[in-house]
>>> print(open('query-v3.cif').read())   # mmCIF, C-alpha atoms and all ligand atoms
data_protein
#
loop_
_atom_site.label_atom_id
_atom_site.label_comp_id
_atom_site.auth_asym_id
_atom_site.auth_seq_id
_atom_site.Cartn_x
_atom_site.Cartn_y
_atom_site.Cartn_z
CA MET N 21 231.47 44.29 30.55
CA ASP N 22 231.89 40.92 32.30
CA GLN N 23 234.50 38.26 31.55
CA ASP N 24 232.52 36.65 28.68
CA ASP N 25 232.51 39.97 26.86
CA TRP N 26 236.27 39.80 26.20
CA ILE N 27 238.36 37.65 23.85
CA THR N 28 242.12 37.08 24.16
CA GLY N 29 244.31 36.43 21.12
CA ARG N 30 248.05 36.17 20.41
CA VAL N 31 250.05 37.46 17.45
CA THR N 32 253.79 37.25 16.71
CA LEU N 33 255.28 39.89 14.43
CA ARG N 34 258.86 40.27 13.30
CA ILE N 35 260.57 43.66 13.55
CA GLY N 36 263.88 43.31 11.76
CA ALA N 37 265.29 40.08 13.18
CA GLN N 38 263.36 40.54 16.41
CA PRO N 39 260.11 38.63 17.08
CA VAL N 40 257.53 40.68 18.98
CA ASP N 41 254.84 38.70 20.82
CA LEU N 42 251.55 40.44 21.39
CA GLU N 43 248.77 39.15 23.62
CA MET N 44 245.63 41.21 23.32
CA THR N 45 242.32 41.08 25.16
CA VAL N 46 239.65 42.83 23.14
CA PRO N 47 235.89 43.37 23.43
CA ALA N 48 233.77 40.54 21.98
CA GLN N 49 230.88 42.94 21.41
CA PRO N 50 230.74 45.69 18.78
CA VAL N 51 232.33 48.93 20.02
CA PRO N 52 233.30 52.21 18.33
CA LEU N 53 236.95 52.33 17.31
CA HIS N 54 238.04 54.85 19.94
CA ARG N 55 237.18 52.29 22.65
CA MET N 56 239.98 50.14 21.18
CA ILE N 57 242.63 52.84 21.60
CA PRO N 58 244.08 51.47 24.89
CA ILE N 59 244.86 48.25 22.99
CA PHE N 60 246.47 50.13 20.09
CA GLN N 61 248.49 52.09 22.65
CA GLN N 62 249.87 48.82 24.09
CA VAL N 63 250.69 47.55 20.60
CA THR N 64 252.42 50.85 19.78
CA ASN N 65 254.46 50.70 22.99
CA LEU N 66 255.72 47.24 22.03
CA PHE N 67 256.62 48.34 18.50
CA VAL N 68 258.39 51.43 19.83
CA GLU N 69 260.27 49.36 22.41
CA ALA N 70 261.45 46.98 19.68
CA SER N 71 262.54 49.87 17.43
CA THR N 72 264.39 51.70 20.19
CA GLY N 73 266.11 48.44 21.12
CA VAL N 74 267.38 48.09 17.55
CA ALA N 75 268.53 51.74 17.52
CA ALA N 76 270.30 51.39 20.89
CA SER N 77 272.18 48.32 19.69
CA ASP N 78 273.41 50.50 16.77
CA GLY N 79 274.67 53.15 19.21
CA ARG N 80 271.63 55.46 18.81
CA ALA N 81 270.09 55.47 22.29
CA VAL N 82 266.98 57.58 22.92
CA SER N 83 267.88 60.99 24.35
CA CYS N 84 264.29 62.15 25.12
CA LYS N 85 263.54 62.68 28.80
CA ALA N 86 260.82 64.09 31.04
CA GLY N 87 260.98 67.88 31.19
CA CYS N 88 261.95 68.30 27.54
CA GLY N 89 258.79 69.27 25.68
CA ALA N 90 260.25 70.92 22.56
CA CYS N 91 258.56 68.35 20.30
CA CYS N 92 255.21 69.15 21.95
CA ARG N 93 255.06 72.37 19.91
CA GLN N 94 254.79 70.47 16.66
CA ALA N 95 251.56 69.76 14.75
CA VAL N 96 250.73 66.29 16.11
CA PRO N 97 248.74 64.26 13.55
CA ILE N 98 245.90 62.30 15.11
CA SER N 99 243.29 59.90 13.76
CA GLU N 100 239.54 60.40 13.65
CA ALA N 101 239.26 57.88 16.51
CA GLU N 102 241.73 59.92 18.61
CA VAL N 103 239.70 63.08 18.02
CA GLN N 104 236.86 61.30 19.80
CA GLN N 105 239.12 59.80 22.50
CA ILE N 106 240.75 63.16 23.33
CA SER N 107 237.43 64.96 23.36
CA GLU N 108 235.98 62.39 25.79
CA LEU N 109 239.16 62.51 27.90
CA VAL N 110 238.78 66.27 28.36
CA GLU N 111 235.04 65.98 28.97
CA ALA N 112 235.72 63.51 31.79
CA MET N 113 238.16 65.86 33.58
CA PRO N 114 236.95 67.45 36.81
CA GLU N 115 236.50 71.20 36.99
CA PRO N 116 238.34 73.55 36.96
CA ARG N 117 240.84 71.43 35.00
CA ARG N 118 238.42 70.76 32.16
CA SER N 119 237.86 74.47 31.61
CA GLU N 120 241.60 75.19 31.82
CA ILE N 121 242.40 72.59 29.17
CA ARG N 122 239.56 73.75 26.94
CA ALA N 123 240.84 77.33 27.23
CA ARG N 124 244.34 76.20 26.19
CA PHE N 125 242.92 74.47 23.11
CA ALA N 126 240.92 77.57 22.19
CA ALA N 127 243.96 79.85 22.69
CA GLY N 128 246.11 77.61 20.50
CA VAL N 129 243.54 77.51 17.70
CA ALA N 130 243.05 81.30 17.96
CA ARG N 131 246.82 81.78 17.53
CA ILE N 132 247.09 79.47 14.49
CA ARG N 133 243.84 80.16 12.59
CA PRO N 134 244.64 83.75 11.44
CA THR N 135 247.84 82.48 9.79
CA GLY N 136 245.82 80.31 7.36
CA TRP N 137 247.87 77.27 8.42
CA PHE N 138 244.88 74.87 8.74
CA GLU N 139 243.65 75.65 5.20
CA ALA N 140 247.18 75.48 3.74
CA MET N 141 247.76 72.08 5.34
CA ASP N 142 244.43 70.70 4.14
CA ALA N 143 245.07 72.02 0.62
CA THR N 144 248.50 70.35 0.59
CA VAL N 145 247.41 66.93 1.89
CA THR N 146 244.35 66.76 -0.34
CA ALA N 147 246.04 68.13 -3.50
CA PRO N 148 246.00 65.55 -6.27
CA PRO N 149 249.26 64.60 -8.03
CA PRO N 150 250.89 65.48 -10.53
CA GLU N 151 253.05 67.57 -8.24
CA PRO N 152 256.32 65.66 -7.87
CA ALA N 153 256.49 63.80 -4.56
CA GLU N 154 259.61 65.76 -3.60
CA ALA N 155 257.84 69.13 -4.01
CA ALA N 156 254.85 67.90 -1.98
CA ARG N 157 257.19 66.66 0.77
CA GLN N 158 258.95 70.03 0.84
CA LYS N 159 255.62 71.84 1.26
CA LEU N 160 254.72 69.58 4.17
CA THR N 161 258.13 70.20 5.76
CA ASP N 162 257.69 73.97 5.35
CA LEU N 163 254.23 73.81 6.93
CA ALA N 164 255.51 71.68 9.81
CA LEU N 165 258.25 74.26 10.47
CA GLN N 166 255.79 77.15 10.19
CA TYR N 167 253.59 75.54 12.85
CA PHE N 168 256.56 74.86 15.13
CA HIS N 169 257.78 78.44 14.83
CA LEU N 170 254.40 79.73 16.00
CA GLY N 171 255.46 78.29 19.36
CA VAL N 172 252.00 77.00 20.34
CA PRO N 173 252.42 74.38 23.08
CA CYS N 174 250.20 71.32 23.16
CA PRO N 175 247.34 72.04 25.60
CA PHE N 176 248.43 69.00 27.63
CA LEU N 177 252.03 70.19 28.08
CA GLU N 178 252.74 71.17 31.70
CA ASP N 179 256.19 71.95 33.11
CA GLU N 180 257.51 70.75 29.73
CA SER N 181 256.07 67.26 30.40
CA CYS N 182 253.01 65.47 29.05
CA SER N 183 250.14 65.68 31.55
CA ILE N 184 248.24 62.85 29.80
CA HIS N 185 251.23 60.56 29.31
CA PRO N 186 249.33 57.21 29.58
CA ASP N 187 246.67 58.51 27.14
CA ARG N 188 248.86 60.42 24.70
CA PRO N 189 248.29 59.90 20.95
CA LEU N 190 250.08 57.14 19.08
CA ALA N 191 252.09 59.68 17.05
CA CYS N 192 253.54 61.11 20.29
CA ARG N 193 254.68 57.61 21.34
CA GLU N 194 256.47 57.11 18.02
CA TYR N 195 258.38 60.41 18.10
CA LEU N 196 261.73 59.80 19.77
CA VAL N 197 265.18 61.15 18.98
CA SER N 198 268.78 60.21 19.66
CA SER N 199 270.22 63.73 19.17
CA PRO N 200 270.82 66.27 21.96
CA ALA N 201 267.67 67.97 23.31
CA GLU N 202 268.81 71.45 22.29
CA HIS N 203 268.55 70.45 18.62
CA CYS N 204 264.81 69.79 19.02
CA ALA N 205 264.34 73.35 20.25
CA VAL N 206 265.52 74.67 16.84
CA LEU N 207 263.86 72.16 14.59
CA ALA N 208 265.16 73.74 11.39
CA SER N 209 268.77 72.98 12.20
CA GLY N 210 268.63 69.62 10.41
CA THR N 211 270.48 68.02 13.28
CA VAL N 212 267.52 66.22 14.87
CA ARG N 213 268.06 62.46 14.55
CA LYS N 214 264.73 60.67 14.84
CA ILE N 215 264.60 57.05 15.93
CA GLU N 216 263.38 55.15 12.91
CA MET N 217 260.23 53.16 13.61
CA ALA N 218 259.91 49.84 11.81
CA LEU N 219 256.15 50.28 11.85
CA LYS N 220 253.96 53.27 12.58
CA PRO N 221 250.74 52.16 14.28
CA SER N 222 249.58 55.81 14.26
CA ARG N 223 249.29 55.59 10.45
CA MET N 224 247.54 52.23 10.63
CA LEU N 225 245.02 53.70 13.07
CA ARG N 226 244.54 56.81 10.91
CA ARG N 227 243.68 54.63 7.93
CA ILE N 228 241.19 52.37 9.68
CA SER N 229 239.63 55.38 11.45
CA ARG N 230 238.83 57.17 8.24
CA ILE N 231 235.12 57.75 7.79
CA GLU N 232 235.73 61.28 6.49
CA ARG N 233 233.69 62.65 9.38
CA PHE N 234 235.56 65.95 9.14
CA GLY N 235 235.85 66.21 5.35
CA PRO N 236 237.74 64.11 2.79
CA GLY N 237 241.42 63.51 3.47
CA ARG N 238 241.84 66.32 6.01
CA PHE N 239 244.92 66.63 8.19
CA LEU N 240 243.75 66.39 11.81
CA PRO N 241 246.12 68.17 14.20
CA LEU N 242 245.74 67.51 17.92
CA ILE N 243 245.08 71.20 18.59
CA LEU N 244 241.77 70.96 16.65
CA ALA N 245 240.48 67.85 18.46
CA LEU N 246 237.89 69.54 20.68
CA GLU N 247 236.59 71.82 17.95
CA LEU N 248 236.28 68.97 15.45
CA ALA N 249 234.47 66.65 17.87
CA GLN N 250 232.04 69.41 18.82
CA ASP N 251 231.35 70.63 15.27
CA HIS N 252 230.92 67.18 13.71
CA PRO N 253 228.87 64.98 16.07
CA ARG N 254 228.08 61.67 14.43
CA GLU N 255 227.04 58.11 15.19
CA LEU N 256 230.30 56.15 14.94
CA PRO N 257 230.60 52.73 13.24
CA GLN N 258 230.96 49.77 15.58
CA LYS N 259 232.77 46.45 15.14
CA THR N 260 233.87 43.69 17.50
CA GLY N 261 237.40 43.79 18.92
CA PRO N 262 238.65 40.96 16.63
CA GLN N 263 237.20 42.76 13.58
CA TRP N 264 238.96 46.01 14.51
CA MET N 265 242.23 44.13 15.11
CA ALA N 266 241.90 42.43 11.70
CA ASP N 267 241.44 45.87 10.11
CA PHE N 268 244.44 47.23 12.02
CA PHE N 269 246.85 44.41 11.19
CA GLY N 270 245.48 44.35 7.63
CA GLU N 271 247.26 47.71 7.25
CA LEU N 272 250.64 46.09 7.94
CA GLY N 273 251.13 45.14 4.31
CA ARG N 274 250.54 48.68 3.07
CA THR N 275 253.19 51.33 2.68
CA GLN N 276 253.99 53.19 5.88
CA GLN N 277 253.90 56.53 4.11
CA ASP N 278 250.99 58.93 4.20
S1 LIG Y 301 249.86 64.82 24.05
FE1 LIG Y 301 251.58 64.89 25.46
S2 LIG Y 301 253.33 64.04 24.31
FE2 LIG Y 301 251.73 64.57 22.80
S3 LIG Y 301 252.23 66.66 22.13
FE3 LIG Y 301 250.79 66.83 23.85
S4 LIG Y 301 252.06 67.08 25.69
FE4 LIG Y 301 253.37 66.29 24.04
#
>>> encode(input="query-v3.cif", output="structure tokens")
Amino acid sequence: MDQDDWITGRVTLRIGAQPVDLEMTVPAQPVPLHRMIPIFQQVTNLFVEASTGVAASDGRAVSCKAGCGACCRQAVPISEAEVQQISELVEAMPEPRRSEIRARFAAGVARIRPTGWFEAMDATVTAPPPEPAEAARQKLTDLALQYFHLGVPCPFLEDESCSIHPDRPLACREYLVSSPAEHCAVLASGTVRKIEMALKPSRMLRRISRIERFGPGRFLPLILALELAQDHPRELPQKTGPQWMADFFGELGRTQQD
């Protein structure tokens, strides 16, 4: 794309008492949503920076550091757009790395599938009320712990560090803690103190991504990204950069829970 194909805009948001200025350059032409992910990553980084600043000023500094990948054995929720982005990222890798990463995905799925975890998670997230919210939350917590205890590392985890750090999903960017690293290694201890995010762009992206390409309301864990992209090829909707940004920031007024 040449220079005329891009548009720059500015937005100021307030996180707590802190104003956050965003300057974004987006495609003027219609593009599929996953092409916008680098921009959503920048926005997420700014939100996370603002939230960690607030936490640090309250004496809760981030304790995460390179080489501690305990959280990378959790079920990372991704959006439909990130399924596409991750699939294309792996496709673009040179050999033999591409085959190695694909093999890690396949091994992870093969470890989890016999446990019935994917079906149980989908049944829980798509179950209609009237189950009390507390009971539903408990089921999700139990499933999250069950996944963690399977000990399946993210296919991108190498030497306990993220090998795709600049491209990692939005949910990974938002997951930071202020408690000692050893508590993350035993997630059930109840001693993990997460840094509270004022906004979760990962949820905003999940909502605007939703075209139910993989089935209504499904939970999309990172470990299934390659399989989902391969099994559900589809022409993806396209919008201009400003239209996608309007959709994204339109989610700001909605609850941050889903
Ligand atoms: S993508 Fe990176 S940060 Fe996210 S779970 Fe995988 S290794 Fe960890």
>>> closest_atom_pairs(input="query-v3.cif", of="segment 151-251 of chain N", to="segment 92-106 of chain N", cutoff="6 Å", atoms="all atoms listed in the file", output="JSON lines")
{"residue": "N:Phe168", "atom": "CA", "partner": "N:Gln94", "partner_atom": "CA", "distance": 5.0}
{"residue": "N:Gly171", "atom": "CA", "partner": "N:Arg93", "partner_atom": "CA", "distance": 6.0}
{"residue": "N:Val172", "atom": "CA", "partner": "N:Arg93", "partner_atom": "CA", "distance": 5.6}
{"residue": "N:Pro173", "atom": "CA", "partner": "N:Arg93", "partner_atom": "CA", "distance": 4.6}
{"residue": "N:Cys174", "atom": "CA", "partner": "N:Cys92", "partner_atom": "CA", "distance": 5.6}
{"residue": "N:Arg226", "atom": "CA", "partner": "N:Ser99", "partner_atom": "CA", "distance": 4.4}
{"residue": "N:Ser229", "atom": "CA", "partner": "N:Glu100", "partner_atom": "CA", "distance": 5.5}
{"residue": "N:Leu240", "atom": "CA", "partner": "N:Ile98", "partner_atom": "CA", "distance": 5.7}
{"residue": "N:Pro241", "atom": "CA", "partner": "N:Pro97", "partner_atom": "CA", "distance": 4.8}
{"residue": "N:Leu242", "atom": "CA", "partner": "N:Val96", "partner_atom": "CA", "distance": 5.4}
{"residue": "N:Ala245", "atom": "CA", "partner": "N:Val103", "partner_atom": "CA", "distance": 4.9}
>>> atom_distance(input="query-v3.cif", atom1="atom CA of Val145 of chain N", atom2="atom CA of Arg193 of chain N")
22.8 Å
>>> closest_residue(input="query-v3.cif", among="N:Gln166, N:Thr45, N:Thr32, N:Ser183", to="ligand LIG 301 (chain Y)", atoms="all atoms listed in the file")
N:Ser183
>>> closest_residue(input="query-v3.cif", among="N:Ser71, N:Glu108, N:Ser181, N:Cys84", to="Gln250 of chain N", atoms="all atoms listed in the file")
N:Glu108
>>> residues_near_ligand(input="query-v3.cif", ligand="ligand LIG 301 (chain Y)", cutoff="6 Å", atoms="all atoms listed in the file", output="PyMOL selection string")
chain N and resi 92+174+176-177+182+184-185+188+192
>>> residues_around(input="query-v3.cif", residues="Asn65 of chain N", least_positions_apart="4", cutoff="10 Å", atoms="only C-alpha atoms", output="ChimeraX atom specification")
/N:59-61,69-71,190,193-194,221
>>> residues_near_point(input="query-v3.cif", point="(267.1, 55.6, 17.9)", cutoff="10 Å", atoms="only C-alpha atoms", output="list of chain:residue names")
N:Val68, N:Ser71, N:Thr72, N:Gly73, N:Val74, N:Ala75, N:Ala76, N:Ser77, N:Asp78, N:Gly79, N:Arg80, N:Ala81, N:Val82, N:Ser83, N:Tyr195, N:Leu196, N:Val197, N:Ser198, N:Ser199, N:Arg213, N:Lys214, N:Ile215, N:Glu216, N:Met217
>>> write_last_selection(input="query-v3.cif", atoms="C-alpha atoms", output="tab-separated table (two decimals), in the coordinates of the input")
chain	number	residue	atom	x	y	z
N	68	VAL	CA	258.39	51.43	19.83
N	71	SER	CA	262.54	49.87	17.43
N	72	THR	CA	264.39	51.70	20.19
N	73	GLY	CA	266.11	48.44	21.12
N	74	VAL	CA	267.38	48.09	17.55
N	75	ALA	CA	268.53	51.74	17.52
N	76	ALA	CA	270.30	51.39	20.89
N	77	SER	CA	272.18	48.32	19.69
N	78	ASP	CA	273.41	50.50	16.77
N	79	GLY	CA	274.67	53.15	19.21
N	80	ARG	CA	271.63	55.46	18.81
N	81	ALA	CA	270.09	55.47	22.29
N	82	VAL	CA	266.98	57.58	22.92
N	83	SER	CA	267.88	60.99	24.35
N	195	TYR	CA	258.38	60.41	18.10
N	196	LEU	CA	261.73	59.80	19.77
N	197	VAL	CA	265.18	61.15	18.98
N	198	SER	CA	268.78	60.21	19.66
N	199	SER	CA	270.22	63.73	19.17
N	213	ARG	CA	268.06	62.46	14.55
N	214	LYS	CA	264.73	60.67	14.84
N	215	ILE	CA	264.60	57.05	15.93
N	216	GLU	CA	263.38	55.15	12.91
N	217	MET	CA	260.23	53.16	13.61
>>> closest_residue(input="query-v3.cif", among="N:Gln62, N:Thr211, N:Thr146, N:Gln38", to="Pro186 of chain N", atoms="all atoms listed in the file")
N:Gln62
>>> residues_around(input="query-v3.cif", residues="segment 259-275 of chain N", least_positions_apart="5", cutoff="7 Å", atoms="all atoms listed in the file", output="count of residues only")
10
>>> residues_around(input="query-v3.cif", residues="Gly136 of chain N", least_positions_apart="5", cutoff="12 Å", atoms="only C-alpha atoms", output="number ranges by chain")
N: 129-131, 141-143, 163, 166-167
>>> atom_distance(input="query-v3.cif", atom1="atom CA of Trp26 of chain N", atom2="atom CA of Asp187 of chain N")
21.4 Å
>>> atom_distance(input="query-v3.cif", atom1="atom CA of Lys85 of chain N", atom2="atom CA of Ala205 of chain N")
13.7 Å
>>> closest_residue(input="query-v3.cif", among="N:Asp25, N:Asp179, N:Glu120, N:Glu232", to="Cys88 of chain N", atoms="all atoms listed in the file")
N:Asp179
